[in-house]
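S.K.: Shown below is the structure under consideration.
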Amino acid sequence: MASDTLLRRLLRRPPAALSLAVIALTALLAVFAYVFAPDSTPDAARTIVELGAKSPGFTIRLLPVPRTIAPEKKAALARLFSGTPDRYQYIPINGFWVQGNTVFARHYMDDGLEDTLRFPVADLVPPDFRKFPENYLQKAVQPQTFHLGTDRYGRDILSRLLVGARVSMAVGTIAVLLSLSIGIFLGMIAGYYRGVTDSAVMFLINILWAIPTLLLVFAITIAIGKGFWQIFIAIGLTLWVSAARLIRGQVLVLREMDYIQAARALGLSDFRILTRHILPNIAGPLLVLAAGNFATAILLEAGLSFLGLGIQPPAPSWGGMIKDHYNFLVTNRPLLALIPGAAILILVYAFNILGNALRDELDVRR
């Protein structure tokens with residue numbers, strides 16, 4: 001009931017309600033990325049080299065040419081989470097015509113540049129439709145619009161942006177869970193037991209606190225290797241320091257409260273006191289910290305991918321998309337880098353606004 005009340009209070013704040021809507025929409029698009037993406041191939045990596053670095057709204061007709069070896073069919077759940085391999089190779093064309101048993105296509109190579117390709121009708125048209133091949137091809141060759149344009153390799157930016165949202169949401173979720181798990185454990189035992197335990201934990205915190213976060217992530221990444229899960233773990237292992245320090249301070253105050261002293265007098269175990277009486281009373285600061293760590297994790301992953309240490313190609317990452325196209329900022333195609341940059345900005349800003357709203361609503365002095 002308390003969580004419902006908190007949610008209602010947040011929704012009454014327009015900035016907080018908008019940030020929640022942005023986060024919820026991003027999470028929805030991340031989960032169902034391959035459903036919404038125009039390019040539903042794994043990693044949205046359909047490459048059409050002739051269409052490199054096209055502007056938003058670019059439209060072209062694509063001729064589907066069946067691949068020699070058809071990909072294996074995947075189950076519906078597998079397609080939802082990993083995409084569907086292409087059964088066709090797509091060739092951009094300006095038009096086509098059928099003459100006898102041959103299909104002639106005006107192959108688009110660049111603006112104002114084309115050549116003519118020839119295909120046997122049997123290579124493009126299934127047996128059931130070969131009586132009227134032109135009718136079949138008219139339906140198969142539909143104009144495709146790249147709403148956000150294409151990247152330098154001819155891949156659809158909108159599709160890669162949607163699939164890349166999975167990385168940002170996943171790294172935030174896993175990093176927050178990992179950092180809070182370590183931070184809660186170390187912070188609670190340091191604040192509750194004090195003495196040697198507190199000194200040892202604070203010594204470790206102070207050492208790690210002195211190392212710049214990005215450099216620490218670099219070191220952990222190099223130690224455990226590059227990869228999807230390795231990046232998440234590396235970021236999570238760096239964000240626990242702030243969590244542990246905050247929780248320690250909260251526990252130091254709470255352990256002196258009368259109800260904690262009463263619980264000790266009743267003979268309750270330390271574990272029960274920590275989990276049933278102290279932890280619920282620091283839930284507010286933990287929620288605020290989780291929102292802040294989520295935003296920090298997204299920025300760290302984007303920075304790592306920009307430097308080539310994050311998610312490896314061809315998997316899409318917003319930071320990697322900026323890395324691939326930052327040099328286009330001084331050309332007539334700056335949107336190739338600005339679009340993923342704007343996505344990072346909007347999502348991180350939404351989490352920061354949510355964190356500020358949570359801090360205000362959970363402030364006991366209110």
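By convention in this document, the chains of the structure tokens carry letters A, B, ... by their order, each chain's residues are numbered from 1, and ligands are numbered from 1 in the order they are shown.
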Show me, as JSON lines, the residues of segment 81-141 of chain A having an atom within 6 Å of segment 35-41 of chain A, each with the closest atom pair and its distance in Å, using only C-alpha atoms.
M.R.:
{"residue": "A:Gly83", "atom": "CA", "partner": "A:Thr41", "partner_atom": "CA", "distance": 5.0}
{"residue": "A:Thr84", "atom": "CA", "partner": "A:Thr41", "partner_atom": "CA", "distance": 4.8}
{"residue": "A:Pro85", "atom": "CA", "partner": "A:Thr41", "partner_atom": "CA", "distance": 5.0}
S.K.: Let me see the file: selected residues, N, CA and C atoms, as a compact mmCIF listing (two decimals), in the first residue's frame.
M.R.:
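Now in result_28.txt:
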# COMPACT_ATOMS: atom_id res chain seq x y z
N GLY A 83 16.05 -12.17 -32.22
CA GLY A 83 15.83 -11.77 -33.60
C GLY A 83 15.69 -12.95 -34.54
N THR A 84 15.43 -12.62 -35.80
CA THR A 84 15.21 -13.63 -36.83
C THR A 84 16.24 -13.46 -37.94
N PRO A 85 17.07 -14.46 -38.21
CA PRO A 85 18.05 -14.33 -39.31
C PRO A 85 17.35 -14.11 -40.65
S.K.: Name all residues at most 9 Å from Phe96 of chain A (count only C-alpha atoms; drop same-chain ones fewer than 3 positions away) and give them as a VMD selection string.
M.R.: chain A and resid 93 103 to 107 137
S.K.: So, with only C-alpha atoms as the atoms that count, which of A:Leu18, A:Ile48, A:Ala75, A:Val253 lies closest to Arg194 of chain A?
M.R.: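 Ranking A:Leu18, A:Ile48, A:Ala75, A:Val253 by distance to Arg194 of chain A, first place goes to A:Val253.
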S.K.: Tell me, as a PDB file with N, CA and C atoms, in the first residue's frame, which residues lie within 12 Å of Phe351 of chain A, counting only C-alpha atoms; anything in the same chain fewer than 2 positions away does not count.
M.R.:
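Below you can see part-v2.pdb, which holds the result:
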ATOM      1  N   PRO A  15       7.077  16.476 -13.772  1.00  0.00           N
ATOM      2  CA  PRO A  15       8.407  15.993 -14.201  1.00  0.00           C
ATOM      3  C   PRO A  15       8.642  14.529 -13.858  1.00  0.00           C
ATOM      4  N   ALA A  16       8.223  14.114 -12.642  1.00  0.00           N
ATOM      5  CA  ALA A  16       8.417  12.726 -12.242  1.00  0.00           C
ATOM      6  C   ALA A  16       7.554  11.789 -13.079  1.00  0.00           C
ATOM      7  N   ALA A  17       6.301  12.208 -13.349  1.00  0.00           N
ATOM      8  CA  ALA A  17       5.415  11.381 -14.175  1.00  0.00           C
ATOM      9  C   ALA A  17       5.987  11.222 -15.577  1.00  0.00           C
ATOM     10  N   LEU A  18       6.549  12.307 -16.127  1.00  0.00           N
ATOM     11  CA  LEU A  18       7.139  12.227 -17.460  1.00  0.00           C
ATOM     12  C   LEU A  18       8.367  11.326 -17.457  1.00  0.00           C
ATOM     13  N   SER A  19       9.190  11.424 -16.411  1.00  0.00           N
ATOM     14  CA  SER A  19      10.385  10.572 -16.347  1.00  0.00           C
ATOM     15  C   SER A  19       9.996   9.109 -16.218  1.00  0.00           C
ATOM     16  N   LEU A  20       8.964   8.810 -15.424  1.00  0.00           N
ATOM     17  CA  LEU A  20       8.489   7.432 -15.321  1.00  0.00           C
ATOM     18  C   LEU A  20       7.976   6.924 -16.664  1.00  0.00           C
ATOM     19  N   ALA A  21       7.290   7.790 -17.409  1.00  0.00           N
ATOM     20  CA  ALA A  21       6.787   7.389 -18.722  1.00  0.00           C
ATOM     21  C   ALA A  21       7.942   7.090 -19.677  1.00  0.00           C
ATOM     22  N   VAL A  22       8.990   7.915 -19.650  1.00  0.00           N
ATOM     23  CA  VAL A  22      10.155   7.693 -20.515  1.00  0.00           C
ATOM     24  C   VAL A  22      10.836   6.375 -20.163  1.00  0.00           C
ATOM     25  N   ILE A  23      11.014   6.119 -18.859  1.00  0.00           N
ATOM     26  CA  ILE A  23      11.682   4.895 -18.427  1.00  0.00           C
ATOM     27  C   ILE A  23      10.843   3.668 -18.778  1.00  0.00           C
ATOM     28  N   ALA A  24       9.523   3.757 -18.526  1.00  0.00           N
ATOM     29  CA  ALA A  24       8.649   2.623 -18.847  1.00  0.00           C
ATOM     30  C   ALA A  24       8.614   2.357 -20.343  1.00  0.00           C
ATOM     31  N   THR A  26      10.957   3.098 -22.550  1.00  0.00           N
ATOM     32  CA  THR A  26      12.262   2.550 -22.948  1.00  0.00           C
ATOM     33  C   THR A  26      12.356   1.075 -22.573  1.00  0.00           C
ATOM     34  N   MET A 169      19.301  -0.584 -20.620  1.00  0.00           N
ATOM     35  CA  MET A 169      18.415  -0.986 -19.533  1.00  0.00           C
ATOM     36  C   MET A 169      18.980  -2.181 -18.773  1.00  0.00           C
ATOM     37  N   GLY A 172      21.976  -1.085 -16.571  1.00  0.00           N
ATOM     38  CA  GLY A 172      21.503  -0.370 -15.396  1.00  0.00           C
ATOM     39  C   GLY A 172      20.908  -1.312 -14.369  1.00  0.00           C
ATOM     40  N   LEU A 287      16.227   3.596  -2.648  1.00  0.00           N
ATOM     41  CA  LEU A 287      15.536   3.874  -3.908  1.00  0.00           C
ATOM     42  C   LEU A 287      16.177   5.049  -4.633  1.00  0.00           C
ATOM     43  N   VAL A 288      16.494   6.096  -3.882  1.00  0.00           N
ATOM     44  CA  VAL A 288      17.150   7.264  -4.490  1.00  0.00           C
ATOM     45  C   VAL A 288      18.509   6.860  -5.054  1.00  0.00           C
ATOM     46  N   LEU A 289      19.260   6.075  -4.286  1.00  0.00           N
ATOM     47  CA  LEU A 289      20.581   5.626  -4.725  1.00  0.00           C
ATOM     48  C   LEU A 289      20.468   4.741  -5.966  1.00  0.00           C
ATOM     49  N   ALA A 290      19.445   3.880  -5.999  1.00  0.00           N
ATOM     50  CA  ALA A 290      19.269   2.995  -7.156  1.00  0.00           C
ATOM     51  C   ALA A 290      19.031   3.800  -8.427  1.00  0.00           C
ATOM     52  N   ALA A 291      18.204   4.849  -8.349  1.00  0.00           N
ATOM     53  CA  ALA A 291      17.941   5.684  -9.527  1.00  0.00           C
ATOM     54  C   ALA A 291      19.226   6.367  -9.995  1.00  0.00           C
ATOM     55  N   GLY A 292      20.015   6.872  -9.043  1.00  0.00           N
ATOM     56  CA  GLY A 292      21.276   7.522  -9.418  1.00  0.00           C
ATOM     57  C   GLY A 292      22.275   6.542 -10.014  1.00  0.00           C
ATOM     58  N   ASN A 293      22.383   5.354  -9.420  1.00  0.00           N
ATOM     59  CA  ASN A 293      23.311   4.349  -9.937  1.00  0.00           C
ATOM     60  C   ASN A 293      22.894   3.847 -11.313  1.00  0.00           C
ATOM     61  N   PHE A 294      21.586   3.789 -11.555  1.00  0.00           N
ATOM     62  CA  PHE A 294      21.093   3.369 -12.876  1.00  0.00           C
ATOM     63  C   PHE A 294      21.598   4.330 -13.948  1.00  0.00           C
ATOM     64  N   ALA A 295      21.452   5.636 -13.680  1.00  0.00           N
ATOM     65  CA  ALA A 295      21.917   6.639 -14.636  1.00  0.00           C
ATOM     66  C   ALA A 295      23.434   6.568 -14.809  1.00  0.00           C
ATOM     67  N   THR A 296      24.147   6.401 -13.699  1.00  0.00           N
ATOM     68  CA  THR A 296      25.609   6.315 -13.778  1.00  0.00           C
ATOM     69  C   THR A 296      26.056   5.105 -14.583  1.00  0.00           C
ATOM     70  N   ALA A 297      25.386   3.972 -14.391  1.00  0.00           N
ATOM     71  CA  ALA A 297      25.746   2.752 -15.121  1.00  0.00           C
ATOM     72  C   ALA A 297      25.549   2.939 -16.624  1.00  0.00           C
ATOM     73  N   ILE A 298      24.480   3.609 -17.020  1.00  0.00           N
ATOM     74  CA  ILE A 298      24.234   3.855 -18.447  1.00  0.00           C
ATOM     75  C   ILE A 298      25.351   4.701 -19.030  1.00  0.00           C
ATOM     76  N   LEU A 299      25.755   5.748 -18.313  1.00  0.00           N
ATOM     77  CA  LEU A 299      26.831   6.613 -18.797  1.00  0.00           C
ATOM     78  C   LEU A 299      28.158   5.869 -18.860  1.00  0.00           C
ATOM     79  N   ILE A 344      20.780   8.711 -24.981  1.00  0.00           N
ATOM     80  CA  ILE A 344      21.470   8.603 -23.694  1.00  0.00           C
ATOM     81  C   ILE A 344      21.077   9.761 -22.787  1.00  0.00           C
ATOM     82  N   LEU A 345      21.085  10.973 -23.342  1.00  0.00           N
ATOM     83  CA  LEU A 345      20.765  12.163 -22.553  1.00  0.00           C
ATOM     84  C   LEU A 345      19.357  12.068 -21.964  1.00  0.00           C
ATOM     85  N   ILE A 346      18.386  11.696 -22.789  1.00  0.00           N
ATOM     86  CA  ILE A 346      16.991  11.663 -22.331  1.00  0.00           C
ATOM     87  C   ILE A 346      16.803  10.608 -21.240  1.00  0.00           C
ATOM     88  N   LEU A 347      17.382   9.421 -21.437  1.00  0.00           N
ATOM     89  CA  LEU A 347      17.187   8.345 -20.455  1.00  0.00           C
ATOM     90  C   LEU A 347      17.885   8.668 -19.139  1.00  0.00           C
ATOM     91  N   VAL A 348      19.118   9.168 -19.208  1.00  0.00           N
ATOM     92  CA  VAL A 348      19.850   9.511 -17.978  1.00  0.00           C
ATOM     93  C   VAL A 348      19.146  10.656 -17.254  1.00  0.00           C
ATOM     94  N   TYR A 349      18.671  11.637 -18.004  1.00  0.00           N
ATOM     95  CA  TYR A 349      17.957  12.761 -17.394  1.00  0.00           C
ATOM     96  C   TYR A 349      16.683  12.285 -16.707  1.00  0.00           C
ATOM     97  N   ILE A 353      15.816  12.887 -12.777  1.00  0.00           N
ATOM     98  CA  ILE A 353      14.585  13.539 -12.319  1.00  0.00           C
ATOM     99  C   ILE A 353      13.821  12.623 -11.368  1.00  0.00           C
ATOM    100  N   LEU A 354      13.762  11.326 -11.706  1.00  0.00           N
ATOM    101  CA  LEU A 354      13.081  10.375 -10.833  1.00  0.00           C
ATOM    102  C   LEU A 354      13.775  10.290  -9.479  1.00  0.00           C
ATOM    103  N   GLY A 355      15.099  10.285  -9.475  1.00  0.00           N
ATOM    104  CA  GLY A 355      15.836  10.241  -8.218  1.00  0.00           C
ATOM    105  C   GLY A 355      15.564  11.466  -7.354  1.00  0.00           C
ATOM    106  N   ASN A 356      15.517  12.650  -7.978  1.00  0.00           N
ATOM    107  CA  ASN A 356      15.216  13.870  -7.226  1.00  0.00           C
ATOM    108  C   ASN A 356      13.804  13.828  -6.649  1.00  0.00           C
ATOM    109  N   ALA A 357      12.848  13.328  -7.442  1.00  0.00           N
ATOM    110  CA  ALA A 357      11.467  13.240  -6.965  1.00  0.00           C
ATOM    111  C   ALA A 357      11.355  12.243  -5.809  1.00  0.00           C
ATOM    112  N   LEU A 358      12.044  11.116  -5.917  1.00  0.00           N
ATOM    113  CA  LEU A 358      12.027  10.142  -4.825  1.00  0.00           C
ATOM    114  C   LEU A 358      12.631  10.727  -3.557  1.00  0.00           C
TER     115      LEU A 358
END
S.K.: Determine, counting only C-alpha atoms, which protein, DNA and RNA residues have an atom within 10 Å of an atom of Ile282 of chain A; residues of the same chain fewer than 4 positions away are not included. Present the result as a PyMOL selection string.
M.R.: chain A and resi 184+246-247+250-251+254+277-278+286-287
S.K.: Return as CSV the residues of segment 116-204 of chain A lying at most 12 Å from segment 55-72 of chain A, together with the closest atom-to-atom pair for each and the distance in Å to one decimal, counting only C-alpha atoms, with rows in chain order and ascending residue number.
M.R.:
residue,atom,partner,partner_atom,distance
A:Leu117,CA,A:Leu63,CA,11.0
A:Arg118,CA,A:Val65,CA,11.7
A:Phe119,CA,A:Val65,CA,9.2
A:Pro120,CA,A:Val65,CA,10.9
A:Val121,CA,A:Val65,CA,10.8
A:Ala122,CA,A:Pro66,CA,10.6
A:Asp123,CA,A:Pro66,CA,7.3
A:Leu124,CA,A:Val65,CA,5.9
A:Val125,CA,A:Val65,CA,9.2
A:Pro126,CA,A:Pro66,CA,10.0
A:Tyr136,CA,A:Pro64,CA,11.5
A:Leu137,CA,A:Leu63,CA,8.3
A:Gln138,CA,A:Leu63,CA,9.9
A:Lys139,CA,A:Leu63,CA,10.5
A:Ala140,CA,A:Pro64,CA,7.2
A:Val141,CA,A:Leu63,CA,5.3
A:Gln142,CA,A:Arg61,CA,5.6
A:Pro143,CA,A:Arg61,CA,4.2
A:Gln144,CA,A:Thr59,CA,5.5
A:Thr145,CA,A:Thr59,CA,4.2
A:Phe146,CA,A:Phe58,CA,5.4
A:His147,CA,A:Gly57,CA,4.5
A:Leu148,CA,A:Pro56,CA,4.1
A:Gly149,CA,A:Pro56,CA,3.9
A:Thr150,CA,A:Ser55,CA,6.9
A:Asp151,CA,A:Ser55,CA,9.1
A:Arg152,CA,A:Ser55,CA,10.9
A:Gly154,CA,A:Ser55,CA,11.0
A:Asp156,CA,A:Pro56,CA,9.9
A:Ile157,CA,A:Pro56,CA,9.0
A:Leu158,CA,A:Pro56,CA,9.6
S.K.: Go ahead and dump the residues you just picked, N, CA and C atoms, as a PDB file, in the first residue's frame.
M.R.:
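Contents of the output file again-v8.pdb:
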ATOM      1  N   LEU A 117      21.246  -5.202 -63.107  1.00  0.00           N
ATOM      2  CA  LEU A 117      21.488  -6.570 -62.675  1.00  0.00           C
ATOM      3  C   LEU A 117      20.484  -7.500 -63.339  1.00  0.00           C
ATOM      4  N   ARG A 118      20.887  -8.744 -63.577  1.00  0.00           N
ATOM      5  CA  ARG A 118      20.014  -9.745 -64.212  1.00  0.00           C
ATOM      6  C   ARG A 118      19.905 -10.966 -63.303  1.00  0.00           C
ATOM      7  N   PHE A 119      18.686 -11.440 -63.139  1.00  0.00           N
ATOM      8  CA  PHE A 119      18.432 -12.627 -62.318  1.00  0.00           C
ATOM      9  C   PHE A 119      17.478 -13.548 -63.067  1.00  0.00           C
ATOM     10  N   PRO A 120      17.715 -14.846 -63.053  1.00  0.00           N
ATOM     11  CA  PRO A 120      16.709 -15.775 -63.571  1.00  0.00           C
ATOM     12  C   PRO A 120      15.437 -15.681 -62.714  1.00  0.00           C
ATOM     13  N   VAL A 121      14.308 -15.750 -63.364  1.00  0.00           N
ATOM     14  CA  VAL A 121      13.040 -15.681 -62.634  1.00  0.00           C
ATOM     15  C   VAL A 121      12.984 -16.766 -61.562  1.00  0.00           C
ATOM     16  N   ALA A 122      13.523 -17.943 -61.869  1.00  0.00           N
ATOM     17  CA  ALA A 122      13.472 -19.063 -60.926  1.00  0.00           C
ATOM     18  C   ALA A 122      14.240 -18.770 -59.640  1.00  0.00           C
ATOM     19  N   ASP A 123      15.233 -17.843 -59.693  1.00  0.00           N
ATOM     20  CA  ASP A 123      16.009 -17.520 -58.485  1.00  0.00           C
ATOM     21  C   ASP A 123      15.259 -16.574 -57.549  1.00  0.00           C
ATOM     22  N   LEU A 124      14.259 -15.857 -58.049  1.00  0.00           N
ATOM     23  CA  LEU A 124      13.573 -14.843 -57.247  1.00  0.00           C
ATOM     24  C   LEU A 124      12.127 -15.193 -56.926  1.00  0.00           C
ATOM     25  N   VAL A 125      11.495 -16.008 -57.763  1.00  0.00           N
ATOM     26  CA  VAL A 125      10.053 -16.231 -57.647  1.00  0.00           C
ATOM     27  C   VAL A 125       9.793 -17.697 -57.295  1.00  0.00           C
ATOM     28  N   PRO A 126       8.988 -17.968 -56.255  1.00  0.00           N
ATOM     29  CA  PRO A 126       8.639 -19.351 -55.916  1.00  0.00           C
ATOM     30  C   PRO A 126       7.879 -20.021 -57.064  1.00  0.00           C
ATOM     31  N   TYR A 136       4.073 -11.053 -58.547  1.00  0.00           N
ATOM     32  CA  TYR A 136       4.710 -11.448 -57.288  1.00  0.00           C
ATOM     33  C   TYR A 136       5.779 -10.429 -56.880  1.00  0.00           C
ATOM     34  N   LEU A 137       6.599 -10.018 -57.836  1.00  0.00           N
ATOM     35  CA  LEU A 137       7.685  -9.089 -57.511  1.00  0.00           C
ATOM     36  C   LEU A 137       7.156  -7.715 -57.132  1.00  0.00           C
ATOM     37  N   GLN A 138       6.032  -7.300 -57.716  1.00  0.00           N
ATOM     38  CA  GLN A 138       5.447  -6.011 -57.349  1.00  0.00           C
ATOM     39  C   GLN A 138       5.087  -5.989 -55.867  1.00  0.00           C
ATOM     40  N   LYS A 139       4.624  -7.123 -55.348  1.00  0.00           N
ATOM     41  CA  LYS A 139       4.284  -7.197 -53.927  1.00  0.00           C
ATOM     42  C   LYS A 139       5.523  -7.383 -53.051  1.00  0.00           C
ATOM     43  N   ALA A 140       6.513  -8.116 -53.580  1.00  0.00           N
ATOM     44  CA  ALA A 140       7.713  -8.399 -52.782  1.00  0.00           C
ATOM     45  C   ALA A 140       8.632  -7.195 -52.673  1.00  0.00           C
ATOM     46  N   VAL A 141       8.687  -6.403 -53.736  1.00  0.00           N
ATOM     47  CA  VAL A 141       9.598  -5.250 -53.771  1.00  0.00           C
ATOM     48  C   VAL A 141       8.821  -4.012 -53.328  1.00  0.00           C
ATOM     49  N   GLN A 142       8.748  -3.799 -52.023  1.00  0.00           N
ATOM     50  CA  GLN A 142       8.034  -2.658 -51.471  1.00  0.00           C
ATOM     51  C   GLN A 142       9.032  -1.578 -51.039  1.00  0.00           C
ATOM     52  N   PRO A 143       8.640  -0.305 -51.182  1.00  0.00           N
ATOM     53  CA  PRO A 143       9.530   0.768 -50.698  1.00  0.00           C
ATOM     54  C   PRO A 143       9.740   0.656 -49.192  1.00  0.00           C
ATOM     55  N   GLN A 144      10.965   0.830 -48.752  1.00  0.00           N
ATOM     56  CA  GLN A 144      11.272   0.831 -47.321  1.00  0.00           C
ATOM     57  C   GLN A 144      11.825   2.188 -46.940  1.00  0.00           C
ATOM     58  N   THR A 145      11.279   2.748 -45.876  1.00  0.00           N
ATOM     59  CA  THR A 145      11.717   4.050 -45.389  1.00  0.00           C
ATOM     60  C   THR A 145      12.568   3.866 -44.148  1.00  0.00           C
ATOM     61  N   PHE A 146      13.743   4.484 -44.147  1.00  0.00           N
ATOM     62  CA  PHE A 146      14.630   4.475 -42.982  1.00  0.00           C
ATOM     63  C   PHE A 146      14.359   5.764 -42.216  1.00  0.00           C
ATOM     64  N   HIS A 147      13.509   5.662 -41.205  1.00  0.00           N
ATOM     65  CA  HIS A 147      12.965   6.858 -40.548  1.00  0.00           C
ATOM     66  C   HIS A 147      14.041   7.696 -39.871  1.00  0.00           C
ATOM     67  N   LEU A 148      15.074   7.059 -39.335  1.00  0.00           N
ATOM     68  CA  LEU A 148      16.192   7.790 -38.730  1.00  0.00           C
ATOM     69  C   LEU A 148      17.454   7.693 -39.566  1.00  0.00           C
ATOM     70  N   GLY A 149      17.324   7.224 -40.787  1.00  0.00           N
ATOM     71  CA  GLY A 149      18.481   7.089 -41.662  1.00  0.00           C
ATOM     72  C   GLY A 149      19.226   5.788 -41.440  1.00  0.00           C
ATOM     73  N   THR A 150      20.408   5.717 -42.040  1.00  0.00           N
ATOM     74  CA  THR A 150      21.260   4.529 -41.914  1.00  0.00           C
ATOM     75  C   THR A 150      22.633   4.938 -41.420  1.00  0.00           C
ATOM     76  N   ASP A 151      23.362   3.982 -40.840  1.00  0.00           N
ATOM     77  CA  ASP A 151      24.712   4.290 -40.392  1.00  0.00           C
ATOM     78  C   ASP A 151      25.699   4.103 -41.538  1.00  0.00           C
ATOM     79  N   ARG A 152      26.962   4.201 -41.239  1.00  0.00           N
ATOM     80  CA  ARG A 152      27.990   4.162 -42.281  1.00  0.00           C
ATOM     81  C   ARG A 152      28.056   2.804 -42.976  1.00  0.00           C
ATOM     82  N   GLY A 154      25.266   1.044 -43.657  1.00  0.00           N
ATOM     83  CA  GLY A 154      23.981   0.799 -44.288  1.00  0.00           C
ATOM     84  C   GLY A 154      22.986   0.077 -43.395  1.00  0.00           C
ATOM     85  N   ASP A 156      20.041   0.063 -40.396  1.00  0.00           N
ATOM     86  CA  ASP A 156      18.954   0.947 -39.987  1.00  0.00           C
ATOM     87  C   ASP A 156      19.205   1.480 -38.577  1.00  0.00           C
ATOM     88  N   ILE A 157      19.295   2.813 -38.443  1.00  0.00           N
ATOM     89  CA  ILE A 157      19.607   3.418 -37.148  1.00  0.00           C
ATOM     90  C   ILE A 157      18.476   3.205 -36.155  1.00  0.00           C
ATOM     91  N   LEU A 158      17.224   3.322 -36.605  1.00  0.00           N
ATOM     92  CA  LEU A 158      16.094   3.137 -35.698  1.00  0.00           C
ATOM     93  C   LEU A 158      16.128   1.743 -35.074  1.00  0.00           C
TER      94      LEU A 158
END
S.K.: For atom CA of Gly319 of chain A and atom CA of Gly303 of chain A, quote the distance in Å rounded to one decimal.
M.R.: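 Atom CA of Gly319 of chain A sits 6.2 Å away from atom CA of Gly303 of chain A.
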S.K.: List the spatial neighbours of Ala165 of chain A as a list in words - criterion: any atom at most 9 Å away, only C-alpha atoms, same-chain residues fewer than 3 positions off excluded.
M.R.: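 After dropping sequence-adjacent residues, the list is Thr26, Ala27, Leu29, Ala30, Val31, Ala33, Arg160, Leu161, Leu162, Ser168, Met169, Ala170, Pro316, Ser317, Trp318 and Ala343 of chain A.
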